[in-house]
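Q: A single structure is presented below for examination.
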Amino acid sequence: METNSRVIDKINYKIKKPKKYKVIMHNDDFTTMEFVIAVLNIIFNKNIEEANNIMMEVHKKGTGVAGVYPYDIAVSKANKAMMMAKEEGFPFKLTVEGD
């Protein structure tokens, strides 16, 4: 009796974790500290203490990290924050950089 059987080779797939990207907030002379805290709280899910610490870093050093995410999420959050700023009339700028 003849059988048609095949042997399937086991293939090992290596799944890489997605590269992470930092969302960087940039200081300006017009965007209020209260607005920055609100953005960190609403969009980046930071509690008030974390948001205040990040806002002060942006104020003192010129930039601060709002969060670290996979690329699509980082870009989405940065765009959402800048749209929110535009609606309020602030020139607030965020950038996304590889971690």
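By convention here, the chains of the structure tokens are called A, B, ... in the order presented, each chain's residues are numbered starting at 1, and ligands are numbered starting at 1 in the order presented.
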Need the shell around segment 33-47 of chain A: protein/DNA/RNA residues with any atom at most 10 Å away, counting only C-alpha atoms. Skip same-chain ones fewer than 4 positions apart. Format as a CSV table (one decimal) with C-alpha atoms, in the first residue's frame?

A:
chain,number,residue,atom,x,y,z
A,23,VAL,CA,7.7,61.6,21.8
A,25,MET,CA,8.0,68.0,23.7
A,27,ASN,CA,9.6,74.5,24.8
A,51,ALA,CA,2.9,65.7,34.0
A,52,ASN,CA,4.2,68.5,36.2
A,53,ASN,CA,7.7,66.9,36.3
A,54,ILE,CA,7.8,66.5,32.6
A,55,MET,CA,6.5,70.1,32.0
A,56,MET,CA,9.2,71.5,34.3
A,58,VAL,CA,10.6,71.0,29.1
A,59,HIS,CA,10.5,74.5,30.7
A,66,ALA,CA,6.3,62.7,27.0
A,67,GLY,CA,6.5,59.0,26.5
A,68,VAL,CA,8.1,56.0,24.6
A,74,ALA,CA,4.1,57.8,19.0
A,76,SER,CA,-0.5,59.4,16.6
A,77,LYS,CA,-0.1,60.9,20.0
A,78,ALA,CA,2.3,63.6,18.8
A,80,LYS,CA,-3.1,64.5,18.4
A,81,ALA,CA,-1.3,66.8,20.9
A,82,MET,CA,-0.3,69.3,18.1
A,84,MET,CA,-5.1,70.1,20.3
A,85,ALA,CA,-2.5,72.9,20.6
A,88,GLU,CA,-6.1,76.4,21.3
A,90,PHE,CA,-0.6,77.5,20.7
A,92,PHE,CA,3.4,73.7,20.7

Q: Which is closer to Thr63 of chain A than all the others in A:Thr31, A:Thr95, A:Asn12, A:Asn79, using only C-alpha atoms?

A: A:Thr95

Q: What does the distance between atom CA of Pro18 of chain A and atom CA of Val65 of chain A come to in Å, to one decimal place?

A: 18.8 Å

Q: Which parts of chain A does DSSP call alpha helix (DSSP H) when run on the backbone here, written out as number ranges by chain?

A: A: 33-42, 48-61, 71-88

Q: Would you please work out which residue, of A:Lys14, A:Lys60, A:Arg6, A:Lys93, is nearest to His26 of chain A when using only C-alpha atoms?

A: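 That would be A:Lys93, the residue with the smallest distance to His26 of chain A.
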
Q: So the first atom is atom CA of Lys17 of chain A and the second is atom CA of Gly64 of chain A; what is the distance between them in Å, to one decimal place?

A: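 Answer for the atom CA of Lys17 of chain A to atom CA of Gly64 of chain A separation: 24.5 Å.
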
Q: Mind giving me the straight-line distance from atom CA of Glu50 of chain A to atom CA of Asp99 of chain A in Å, one decimal?

A: 20.0 Å

Q: Pick out the residues sitting within 6 Å of Tyr69 of chain A, and hand them over as an mmCIF file with N, CA, C and O atoms, in the first residue's frame; count only C-alpha atoms, and ignore anything fewer than 3 positions along from it in its own chain.

A:
data_model
loop_
_atom_site.group_PDB
_atom_site.id
_atom_site.type_symbol
_atom_site.label_atom_id
_atom_site.label_comp_id
_atom_site.auth_asym_id
_atom_site.auth_seq_id
_atom_site.Cartn_x
_atom_site.Cartn_y
_atom_site.Cartn_z
ATOM 1 N N LYS A 20 11.136 51.133 19.667
ATOM 2 C CA LYS A 20 10.421 52.162 20.423
ATOM 3 C C LYS A 20 10.869 53.561 19.979
ATOM 4 O O LYS A 20 12.018 53.747 19.563
ATOM 5 N N TYR A 21 9.943 54.499 20.078
ATOM 6 C CA TYR A 21 10.202 55.881 19.692
ATOM 7 C C TYR A 21 9.775 56.821 20.801
ATOM 8 O O TYR A 21 8.735 56.626 21.425
ATOM 9 N N ILE A 73 2.008 54.559 17.319
ATOM 10 C CA ILE A 73 1.383 55.169 18.491
ATOM 11 C C ILE A 73 2.063 56.497 18.820
ATOM 12 O O ILE A 73 1.397 57.487 19.132
ATOM 13 N N ALA A 74 3.389 56.537 18.732
ATOM 14 C CA ALA A 74 4.131 57.775 19.006
ATOM 15 C C ALA A 74 3.699 58.894 18.065
ATOM 16 O O ALA A 74 3.426 60.013 18.495
#
